[in-house]
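Student: So here's coords37.txt (compact mmCIF, C-alpha atoms and all ligand atoms).
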```
# COMPACT_ATOMS: atom_id res chain seq x y z
CA MET A 1278 0.00 0.00 0.00
CA SER A 1279 1.26 3.47 -0.85
CA GLU A 1280 1.50 6.12 1.75
CA PHE A 1281 1.87 9.43 0.04
CA ARG A 1282 4.34 11.93 1.30
CA VAL A 1283 3.37 15.59 1.61
CA VAL A 1284 5.45 18.74 1.90
CA LYS A 1285 5.86 19.45 5.62
CA SER A 1286 7.63 22.75 5.16
CA ILE A 1287 9.54 24.81 2.64
CA VAL A 1288 12.92 26.23 3.61
CA PRO A 1289 14.09 29.19 1.51
CA THR A 1290 17.74 29.52 0.50
CA HIS A 1291 20.22 32.31 0.81
CA THR A 1292 23.37 33.06 -1.11
CA VAL A 1293 26.62 33.41 0.79
CA MET A 1294 30.25 33.96 -0.12
CA GLU A 1295 32.49 31.23 1.23
CA GLY A 1296 36.22 31.70 1.79
CA GLY A 1297 37.94 33.52 -1.06
CA GLY A 1298 34.70 34.63 -2.74
CA PHE A 1299 33.15 31.27 -3.56
CA LYS A 1300 29.43 31.82 -4.23
CA VAL A 1301 27.12 29.21 -2.73
CA ARG A 1302 23.36 29.00 -2.29
CA ARG A 1303 22.18 26.99 0.71
CA PRO A 1304 19.03 26.43 2.78
CA ALA A 1305 18.49 29.17 5.35
CA ALA A 1306 17.96 26.53 8.06
CA MET A 1307 19.68 23.16 8.18
CA GLY A 1308 21.03 21.05 11.01
CA SER A 1309 18.61 18.59 12.59
CA LEU A 1310 15.90 19.50 10.06
CA MET A 1311 17.85 17.74 7.34
CA SER A 1312 19.28 14.68 9.11
CA PRO A 1313 21.37 12.85 7.94
CA PHE A 1314 22.46 15.72 5.66
CA LEU A 1315 24.63 18.30 7.39
CA LEU A 1316 25.10 20.72 4.52
CA LEU A 1317 23.62 21.30 1.10
CA ASP A 1318 25.57 23.80 -0.94
CA GLU A 1319 24.77 24.73 -4.50
CA MET A 1320 28.10 26.02 -5.81
CA GLY A 1321 27.36 28.84 -8.25
CA PRO A 1322 26.25 28.97 -10.96
CA VAL A 1323 28.92 31.58 -11.44
CA ASP A 1324 30.59 32.65 -14.65
CA TYR A 1325 34.22 33.31 -13.76
CA ALA A 1326 36.36 35.75 -15.72
CA PRO A 1327 39.98 34.65 -16.38
CA GLY A 1328 41.92 34.56 -13.08
CA GLU A 1329 38.78 34.77 -10.93
CA ALA A 1330 37.93 31.14 -10.15
CA VAL A 1331 38.39 30.09 -6.53
CA GLY A 1332 38.21 26.83 -4.61
CA ALA A 1333 38.98 25.27 -1.26
CA PRO A 1334 42.72 24.79 -0.69
CA TRP A 1335 44.05 22.13 1.73
CA HIS A 1336 41.76 21.50 4.72
CA PRO A 1337 40.86 18.53 6.95
CA HIS A 1338 37.62 16.59 7.54
CA ARG A 1339 36.61 13.98 10.10
CA GLY A 1340 33.41 12.17 11.01
CA PHE A 1341 31.26 12.39 7.87
CA GLU A 1342 31.17 12.23 4.07
CA THR A 1343 31.47 14.97 1.45
CA VAL A 1344 29.76 14.42 -1.88
CA THR A 1345 30.69 16.67 -4.79
CA TYR A 1346 28.62 16.68 -7.96
CA LEU A 1347 29.61 18.94 -10.81
CA LEU A 1348 27.17 20.27 -13.41
CA SER A 1349 29.48 22.75 -15.18
CA GLY A 1350 33.16 23.58 -14.97
CA GLU A 1351 36.20 21.54 -13.96
CA MET A 1352 37.61 20.76 -10.54
CA GLU A 1353 40.70 19.01 -9.36
CA HIS A 1354 41.11 17.26 -6.05
CA GLU A 1355 44.10 15.99 -4.20
CA ASP A 1356 44.40 14.45 -0.76
CA SER A 1357 46.64 13.29 2.05
CA GLN A 1358 46.43 9.68 0.84
CA GLY A 1359 48.10 10.69 -2.40
CA SER A 1360 45.08 10.36 -4.65
CA LYS A 1361 44.33 12.93 -7.30
CA GLY A 1362 41.39 13.31 -9.60
CA LEU A 1363 39.53 15.49 -12.02
CA LEU A 1364 35.82 16.26 -11.94
CA THR A 1365 34.09 17.30 -15.15
CA PRO A 1366 30.35 17.90 -15.73
CA GLY A 1367 28.18 15.03 -14.54
CA ASP A 1368 30.92 13.49 -12.37
CA VAL A 1369 30.42 12.66 -8.70
CA GLN A 1370 33.03 12.19 -6.02
CA TRP A 1371 31.76 10.50 -2.86
CA MET A 1372 34.41 10.93 -0.18
CA THR A 1373 34.05 9.26 3.17
CA ALA A 1374 36.35 11.25 5.43
CA GLY A 1375 35.86 8.81 8.32
CA LYS A 1376 38.71 9.15 10.84
CA GLY A 1377 40.39 11.82 8.79
CA ILE A 1378 41.47 13.17 5.47
CA ILE A 1379 43.13 16.39 4.35
CA HIS A 1380 42.27 17.51 0.86
CA SER A 1381 42.23 20.31 -1.65
CA GLU A 1382 39.30 21.06 -3.98
CA MET A 1383 40.25 23.57 -6.64
CA PRO A 1384 39.20 24.64 -10.14
CA THR A 1385 41.56 23.26 -12.78
CA LYS A 1386 44.40 25.41 -14.09
CA LYS A 1387 42.49 25.80 -17.36
CA MET A 1388 39.47 27.09 -15.42
CA MET A 1389 41.71 29.46 -13.42
CA ASP A 1390 43.43 30.79 -16.55
CA GLU A 1391 40.47 31.01 -18.88
CA GLY A 1392 37.49 31.33 -16.53
CA GLY A 1393 34.16 29.74 -17.36
CA LEU A 1394 30.90 28.60 -15.85
CA MET A 1395 31.09 26.73 -12.53
CA HIS A 1396 28.00 25.01 -11.14
CA GLY A 1397 27.54 22.02 -8.87
CA PHE A 1398 26.71 20.72 -5.45
CA GLN A 1399 28.50 19.79 -2.31
CA ILE A 1400 26.52 17.81 0.22
CA TRP A 1401 27.74 16.59 3.60
CA VAL A 1402 26.34 13.29 4.80
CA ASN A 1403 26.65 12.52 8.49
CA LEU A 1404 27.92 9.17 9.76
CA PRO A 1405 26.59 7.35 12.83
CA ALA A 1406 28.97 7.16 15.82
CA LYS A 1407 30.02 3.60 14.99
CA ASP A 1408 31.26 4.66 11.53
CA LYS A 1409 32.72 8.10 12.25
CA MET A 1410 36.26 6.72 12.66
CA MET A 1411 36.13 4.28 9.71
CA ASN A 1412 38.98 4.27 7.23
CA PRO A 1413 38.62 7.01 4.63
CA ARG A 1414 37.55 6.01 1.14
CA TYR A 1415 36.66 7.52 -2.22
CA GLN A 1416 34.08 6.45 -4.72
CA ASP A 1417 34.03 8.10 -8.11
CA LEU A 1418 31.04 7.98 -10.37
CA THR A 1419 31.81 9.46 -13.77
CA ALA A 1420 29.13 10.98 -15.97
CA ALA A 1421 29.66 8.17 -18.50
CA ASP A 1422 29.21 5.42 -15.91
CA SER A 1423 26.40 6.91 -13.87
CA PRO A 1424 23.01 5.19 -14.01
CA ILE A 1425 20.37 7.28 -15.80
CA ALA A 1426 16.64 6.67 -15.44
CA GLU A 1427 14.28 8.03 -18.08
CA LYS A 1428 10.62 8.19 -18.88
CA GLU A 1429 8.60 10.60 -20.99
CA GLY A 1430 9.72 14.14 -20.14
CA VAL A 1431 11.82 12.95 -17.18
CA TRP A 1432 15.58 12.41 -16.92
CA ALA A 1433 17.26 11.34 -13.68
CA ARG A 1434 20.86 10.65 -12.67
CA VAL A 1435 20.86 8.15 -9.84
CA VAL A 1436 23.87 9.13 -7.73
CA ALA A 1437 22.74 7.01 -4.79
CA GLY A 1438 19.70 4.86 -4.17
CA GLU A 1439 17.12 4.11 -6.85
CA CYS A 1440 14.81 5.87 -9.30
CA LEU A 1441 12.32 4.32 -11.76
CA GLY A 1442 13.89 0.93 -11.11
CA VAL A 1443 17.42 2.12 -11.91
CA GLU A 1444 19.89 1.64 -9.08
CA SER A 1445 23.12 3.42 -8.25
CA THR A 1446 26.33 1.44 -8.11
CA LEU A 1447 27.68 3.47 -5.20
CA ASP A 1448 27.99 1.86 -1.81
CA THR A 1449 26.79 4.20 0.92
CA VAL A 1450 27.47 3.64 4.63
CA ILE A 1451 23.84 4.36 5.54
CA PRO A 1452 20.98 4.07 3.01
CA ILE A 1453 21.07 7.31 1.03
CA THR A 1454 19.01 8.45 -1.92
CA TYR A 1455 20.55 11.16 -4.08
CA VAL A 1456 18.89 11.69 -7.45
CA HIS A 1457 19.23 14.63 -9.86
CA VAL A 1458 15.99 15.01 -11.81
CA LYS A 1459 15.10 17.14 -14.83
CA MET A 1460 11.43 17.33 -15.78
CA ASP A 1461 9.85 18.92 -18.82
CA LYS A 1462 6.81 21.08 -18.20
CA GLY A 1463 3.73 18.87 -17.99
CA SER A 1464 5.58 15.65 -17.09
CA THR A 1465 4.93 13.64 -13.93
CA LEU A 1466 6.92 11.32 -11.73
CA ASP A 1467 6.01 9.03 -8.82
CA LYS A 1468 9.12 8.37 -6.77
CA SER A 1469 9.22 5.67 -4.15
CA LEU A 1470 11.26 6.32 -1.02
CA GLY A 1471 11.79 4.06 1.99
CA LEU A 1472 8.92 4.68 4.41
CA ASP A 1473 10.96 5.92 7.36
CA LEU A 1474 13.69 7.80 5.52
CA ASN A 1475 13.84 11.56 5.94
CA GLY A 1476 13.15 12.93 2.48
CA MET A 1477 13.70 16.36 0.96
CA VAL A 1478 13.74 18.02 -2.44
CA TYR A 1479 16.00 20.90 -3.43
CA VAL A 1480 14.69 22.79 -6.46
CA PHE A 1481 17.29 24.73 -8.47
CA LYS A 1482 15.41 25.47 -11.67
CA GLY A 1483 11.80 26.25 -12.56
CA GLU A 1484 8.79 25.32 -10.49
CA LEU A 1485 6.85 22.14 -9.83
CA ASP A 1486 4.09 20.66 -7.73
CA ILE A 1487 5.38 18.28 -5.08
CA ALA A 1488 2.47 16.34 -3.60
CA GLY A 1489 0.19 19.18 -4.73
CA LYS A 1490 2.28 21.99 -3.28
CA SER A 1491 4.07 24.45 -5.53
CA VAL A 1492 7.83 24.61 -4.94
CA SER A 1493 10.10 26.92 -6.92
CA ASP A 1494 13.75 27.50 -7.73
CA GLY A 1495 15.81 28.12 -4.60
CA SER A 1496 13.62 26.20 -2.14
CA LEU A 1497 14.17 23.09 -0.07
CA ALA A 1498 10.95 21.13 0.50
CA LEU A 1499 10.98 18.87 3.56
CA LEU A 1500 8.72 15.83 3.14
CA SER A 1501 6.61 13.89 5.58
CA ASN A 1502 7.36 10.16 5.87
CA GLY A 1503 5.71 7.81 3.41
CA THR A 1504 6.47 5.46 0.56
CA THR A 1505 5.76 7.62 -2.48
CA VAL A 1506 6.09 11.22 -3.54
CA ASN A 1507 4.36 12.71 -6.60
CA PHE A 1508 6.04 15.29 -8.80
CA ASN A 1509 4.20 17.30 -11.42
CA ALA A 1510 6.25 19.81 -13.43
CA THR A 1511 4.40 23.08 -13.93
CA GLU A 1512 7.53 24.47 -15.65
CA ASP A 1513 10.70 22.92 -17.01
CA SER A 1514 12.38 22.15 -13.71
CA GLU A 1515 15.41 20.65 -12.12
CA PHE A 1516 15.90 19.38 -8.58
CA LEU A 1517 17.66 16.95 -6.26
CA ILE A 1518 15.80 14.28 -4.30
CA LEU A 1519 17.65 13.48 -1.07
CA ALA A 1520 16.72 10.92 1.54
CA GLY A 1521 18.37 9.09 4.39
CA PRO A 1522 17.72 7.75 7.88
CA GLU A 1523 17.35 9.84 11.00
CA ILE A 1524 20.66 9.24 12.81
CA GLY A 1525 19.28 10.46 16.12
CA GLU A 1526 22.63 11.11 17.84
CA PRO A 1527 24.04 14.33 19.26
CA ILE A 1528 25.96 16.45 16.75
CA ALA A 1529 29.10 18.31 17.78
CA ARG A 1530 30.26 20.41 14.86
CA TYR A 1531 33.27 22.61 14.49
CA GLY A 1532 34.25 23.78 10.99
CA PRO A 1533 35.32 20.72 9.01
CA PHE A 1534 34.82 18.22 11.87
CA VAL A 1535 31.46 16.66 12.78
CA MET A 1536 31.47 14.34 15.77
CA ASN A 1537 29.11 13.44 18.63
CA THR A 1538 30.78 15.18 21.56
CA ARG A 1539 32.87 18.25 22.30
CA GLU A 1540 35.68 15.98 23.54
CA GLU A 1541 35.81 14.23 20.16
CA ILE A 1542 36.02 17.63 18.44
CA MET A 1543 38.89 18.68 20.71
CA GLN A 1544 40.60 15.39 19.86
CA ALA A 1545 40.14 16.03 16.12
CA ILE A 1546 41.68 19.51 16.42
CA GLU A 1547 44.57 18.12 18.47
CA ASP A 1548 45.14 15.28 15.99
CA TYR A 1549 45.14 17.75 13.11
CA GLN A 1550 47.58 20.07 14.91
CA ASN A 1551 49.85 17.12 15.74
CA GLY A 1552 49.76 15.90 12.17
CA VAL A 1553 48.12 12.57 13.00
CA LEU A 1554 44.58 13.23 11.71
CA ALA A 1555 45.40 11.80 8.31
FE FE B 1601 36.47 19.56 1.79
```
Please go through the file and, once you have read it, give me the structure as structure tokens.
Ligand code: FE
Tutor:
Amino acid sequence: MSEFRVVKSIVPTHTVMEGGGFKVRRPAAMGSLMSPFLLLDEMGPVDYAPGEAVGAPWHPHRGFETVTYLLSGEMEHEDSQGSKGLLTPGDVQWMTAGKGIIHSEMPTKKMMDEGGLMHGFQIWVNLPAKDKMMNPRYQDLTAADSPIAEKEGVWARVVAGECLGVESTLDTVIPITYVHVKMDKGSTLDKSLGLDLNGMVYVFKGELDIAGKSVSDGSLALLSNGTTVNFNATEDSEFLILAGPEIGEPIARYGPFVMNTREEIMQAIEDYQNGVLA
């Protein structure tokens, strides 16, 4: 039997400048509202002039996962384990920081020299206490390899979880749904989501009806629990469907570290200062 989800509330977004002038749009309220997601940043879209592009130079993380999904532009990453990679449009990097990683996330040299359009997402996924100190790992999902689900007027990249019977190949620590959907005006989609998962939809283009409620560009719709959510595009629209379990543990957060207690945060800072975080 289907239990239909409804929109519980709509969180507006605001645009902020992160370190070095990096433009991001993010929900105006996050935290426990969005569990297990700790952060949802839409990077850009911003059209950089030559020499203008900025990124995030070397910094640490511990206790959660960072998921980068690029729509336009080029980014390069490098980390304390010696891995290096390039992200081009449609590519996803799913990094589980676990007990610790130090990395750099920068536009490519070409992007720095020539400028260009940068657009994408960075989402932070929390880990339960028992997995916070797991060994770090990377999973890359290139645009060419990523599972795409399609029906009339609907296109969806299944980064994690499932959509229209198409499943992601990524292995997530906790059950996560992360789907990028494009819908043509007039198209419809019924998306199933695990009954008890916290579900939300971030709209970044156009306007659509979600369970009968109109949600437009720059809004995060928080869903009630249920097995199915109905989408009805009233304009050409684009959005992310995100879902995951309620972790239900205390969150101690300090900059790039997300743990359960203040003591664990102090330990992370000390480990980083002593060069033993990663
Ligand atoms: Fe980072």
Student: Quick one: residues within 10 Å of stretch 1549-1551 of chain A, all atoms listed in the file counted, chain neighbours fewer than 6 positions away excluded, as an mmCIF file with C-alpha atoms, in the frame of the given file?
Tutor:
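The new file part-v4.cif reads:
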```cif
data_model
loop_
_atom_site.group_PDB
_atom_site.id
_atom_site.type_symbol
_atom_site.label_atom_id
_atom_site.label_comp_id
_atom_site.auth_asym_id
_atom_site.auth_seq_id
_atom_site.Cartn_x
_atom_site.Cartn_y
_atom_site.Cartn_z
ATOM 1 C CA HIS A 1336 41.760 21.500 4.720
ATOM 2 C CA PRO A 1337 40.860 18.530 6.950
ATOM 3 C CA HIS A 1338 37.620 16.590 7.540
ATOM 4 C CA ARG A 1339 36.610 13.980 10.100
ATOM 5 C CA GLY A 1377 40.390 11.820 8.790
ATOM 6 C CA ILE A 1378 41.470 13.170 5.470
ATOM 7 C CA ILE A 1379 43.130 16.390 4.350
ATOM 8 C CA MET A 1543 38.890 18.680 20.710
#
```
Student: Residues within 8 Å of stretch 1308-1316 of chain A, please, as a list in words. Count all atoms listed in the file; anything in the same chain fewer than 3 positions from it doesn't count.
Tutor: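 Skipping anything fewer than 3 positions along the chain leaves Arg1303, Gln1399, Ile1400, Trp1401, Val1402, Asn1403, Leu1404, Asn1475, Met1477, Leu1499, Gly1521, Pro1522, Glu1523 and Ile1524 of chain A.
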Student: Once you have the residues from the selection above, write them out as a PDB file, in the coordinates of the input, restricted to C-alpha atoms.
Tutor:
```
ATOM      1  CA  ARG A1303      22.180  26.990   0.710  1.00  0.00           C
ATOM      2  CA  GLN A1399      28.500  19.790  -2.310  1.00  0.00           C
ATOM      3  CA  ILE A1400      26.520  17.810   0.220  1.00  0.00           C
ATOM      4  CA  TRP A1401      27.740  16.590   3.600  1.00  0.00           C
ATOM      5  CA  VAL A1402      26.340  13.290   4.800  1.00  0.00           C
ATOM      6  CA  ASN A1403      26.650  12.520   8.490  1.00  0.00           C
ATOM      7  CA  LEU A1404      27.920   9.170   9.760  1.00  0.00           C
ATOM      8  CA  ASN A1475      13.840  11.560   5.940  1.00  0.00           C
ATOM      9  CA  MET A1477      13.700  16.360   0.960  1.00  0.00           C
ATOM     10  CA  LEU A1499      10.980  18.870   3.560  1.00  0.00           C
ATOM     11  CA  GLY A1521      18.370   9.090   4.390  1.00  0.00           C
ATOM     12  CA  PRO A1522      17.720   7.750   7.880  1.00  0.00           C
ATOM     13  CA  GLU A1523      17.350   9.840  11.000  1.00  0.00           C
ATOM     14  CA  ILE A1524      20.660   9.240  12.810  1.00  0.00           C
TER      15      ILE A1524
END
```
Student: Figure out the distance between atom CA of A:Ser1514 and atom CA of A:Ala1326, please, to one decimal in Å.
Tutor: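 Pair atom CA of A:Ala1326 / atom CA of A:Ser1514 returns 27.6 Å.
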Student: With only C-alpha atoms as the atoms that count, which of A:Glu1280, A:Ala1555, A:Pro1304, A:Thr1511 lies nearest to A:Ala1498?
Tutor: A:Pro1304
Student: Please check which residues have atoms at most 10 Å from (34.5, 13.2, 19.6) in the file's coordinates, counting all atoms listed in the file, and write them as an mmCIF file with C-alpha atoms, keeping the file's coordinate frame.
Tutor:
```cif
data_model
loop_
_atom_site.group_PDB
_atom_site.id
_atom_site.type_symbol
_atom_site.label_atom_id
_atom_site.label_comp_id
_atom_site.auth_asym_id
_atom_site.auth_seq_id
_atom_site.Cartn_x
_atom_site.Cartn_y
_atom_site.Cartn_z
ATOM 1 C CA ARG A 1339 36.610 13.980 10.100
ATOM 2 C CA GLY A 1340 33.410 12.170 11.010
ATOM 3 C CA ALA A 1406 28.970 7.160 15.820
ATOM 4 C CA LYS A 1409 32.720 8.100 12.250
ATOM 5 C CA MET A 1410 36.260 6.720 12.660
ATOM 6 C CA ILE A 1528 25.960 16.450 16.750
ATOM 7 C CA ALA A 1529 29.100 18.310 17.780
ATOM 8 C CA ARG A 1530 30.260 20.410 14.860
ATOM 9 C CA PHE A 1534 34.820 18.220 11.870
ATOM 10 C CA VAL A 1535 31.460 16.660 12.780
ATOM 11 C CA MET A 1536 31.470 14.340 15.770
ATOM 12 C CA ASN A 1537 29.110 13.440 18.630
ATOM 13 C CA THR A 1538 30.780 15.180 21.560
ATOM 14 C CA ARG A 1539 32.870 18.250 22.300
ATOM 15 C CA GLU A 1540 35.680 15.980 23.540
ATOM 16 C CA GLU A 1541 35.810 14.230 20.160
ATOM 17 C CA ILE A 1542 36.020 17.630 18.440
ATOM 18 C CA MET A 1543 38.890 18.680 20.710
ATOM 19 C CA GLN A 1544 40.600 15.390 19.860
ATOM 20 C CA ALA A 1545 40.140 16.030 16.120
#
```
Student: Take the point (7.2, 24.6, -10.4) in the file's coordinates, draw a sphere of radius 12 Å around it, and report as number ranges by chain every protein, DNA or RNA residue with an atom inside or on it, counting only C-alpha atoms.
Tutor: A: 1459-1465, 1479-1496, 1508-1516
Student: Hey, can you check how far atom CA of A:Ser1357 sits from atom CA of A:Lys1386?
Tutor: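 Distance between the two atoms: 20.3 Å.
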Student: Rounded to one decimal place, report the atom CA of A:Pro1413-atom CA of A:Lys1376 distance in Å.
Tutor: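 Interatomic distance, atom CA of A:Pro1413 to atom CA of A:Lys1376: 6.6 Å.
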